[in-house]
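Engineer: Before we start, here is the structure in question, set down as structure tokens.
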Amino acid sequence: MDEAKIIEGVRGRDEAAFSAAISRYSRLLWVVASRHLPKAGGFSEHDIEECVADVFFDLWQDSERYDPEKGSLKSYLCMLASRKAISRYRRAAQSRVISLEELRQGDEPSFEDALDAQDYGDLYAGIARLPEPTREILMRRYFYNEQPAAIAARMQLPKKEIENRLYRAKKSLSCSLSERYKEVLS
């Protein structure tokens with residue numbers, strides 16, 4: 001069954017056409033979703049499966065949103081899978097709770113140990129002005145004590161880029177914050 005017949009059948013609520021779409025595109029969508037939901041990030045096969053199922057559910061519920069003039073059904077479904085996986089990743093990142101034991105695992109004194117409570121506001125304001133993903137990289141390195149290699153794997157960026165962003169962020173913060181913070185960042 002070709003794409004035109006599949007989408008026509010899905011729009012007509014033909015379950016055979018919908019099953020054809022699932023069998024034809026599920027492996028591809030699995031790959032797309034797994035790129036954004038890495039196992040190293042704590043995501044399981046169940047999370048990827050739910051993401052793919054959400055894509056097919058959206059196709060069934062709102063097949064009119066697909067416009068064949070804008071691209072193929074394959075590319076439309078891949079785009080949906082990518083968006084759903086990124087949204088799921090962001091929701092998980094926002095709700096992740098870090099235990100005190102995880103924060104204290106490093107041998108070095110943490111970034112927080114060197115600051116007084118009154119200094120947090122200035123520091124967080126300076127960090128908040130950094131662009132993404134530099135802000136996330138800096139937080140992961142100095143607040144969660146993740147190593148650059150682990151950050152690179154989790155964010156799917158080269159390790160050298162992580163190191164360069166850390167260097168530039170520290171330099172930027174040291175220029176914008178007081179002398180006290182320069183000692184902490186060095």
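Residues in the structure tokens are numbered from 1 in each chain, the chains being A, B, ... in the order shown, and ligands are numbered from 1 in the order shown.
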Find the residues around Arg13 in chain A up to 12 Å (only C-alpha atoms counted), leave out those fewer than 3 positions away in its own chain, and share them as JSON, numbers by chain.
Structural biologist: {"A": [6, 7, 8, 9, 10, 16, 17, 18, 19, 59, 60, 61, 62, 63, 64]}
Engineer: Nearest to Val32 in chain A: which of A:His46, A:Ala20, A:Leu77, A:Arg11 is it, counting only C-alpha atoms?
Structural biologist: A:Leu77
Engineer: Report, in Å with one decimal, the straight-line distance from CA of Ala128 in chain A to CA of Lys170 in chain A.
Structural biologist: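 These two atoms are separated by 13.1 Å.
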Engineer: For each of A:Arg165, A:Lys74, A:Arg27, A:Arg88, take the minimum atom-to-atom distance to Glu136 in chain A, counting only C-alpha atoms, then give the residue where this is smallest.
Structural biologist: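 Of A:Arg165, A:Lys74, A:Arg27, A:Arg88, the one nearest Glu136 in chain A, counting only C-alpha atoms, is A:Arg165.
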Engineer: CA of Ser23 in chain A and CA of Val55 in chain A are how many Å apart?
Structural biologist: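 These atoms are spaced 13.4 Å apart.
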Engineer: Report the distance between CA of Ile162 in chain A and CA of Arg35 in chain A in Å, rounded to one decimal place.
Structural biologist: 19.1 Å
Engineer: Within 9 Å of Val52 in chain A, counting only C-alpha atoms, which residues show up once you throw out same-chain ones fewer than 3 positions away? Write them as a list in words, please.
Structural biologist: Ser26, Leu29, Trp30, Ala33, Asp47, Ile48, Glu49, Val55, Phe56, Phe57, Ala81, Lys84 and Ala85 of chain A
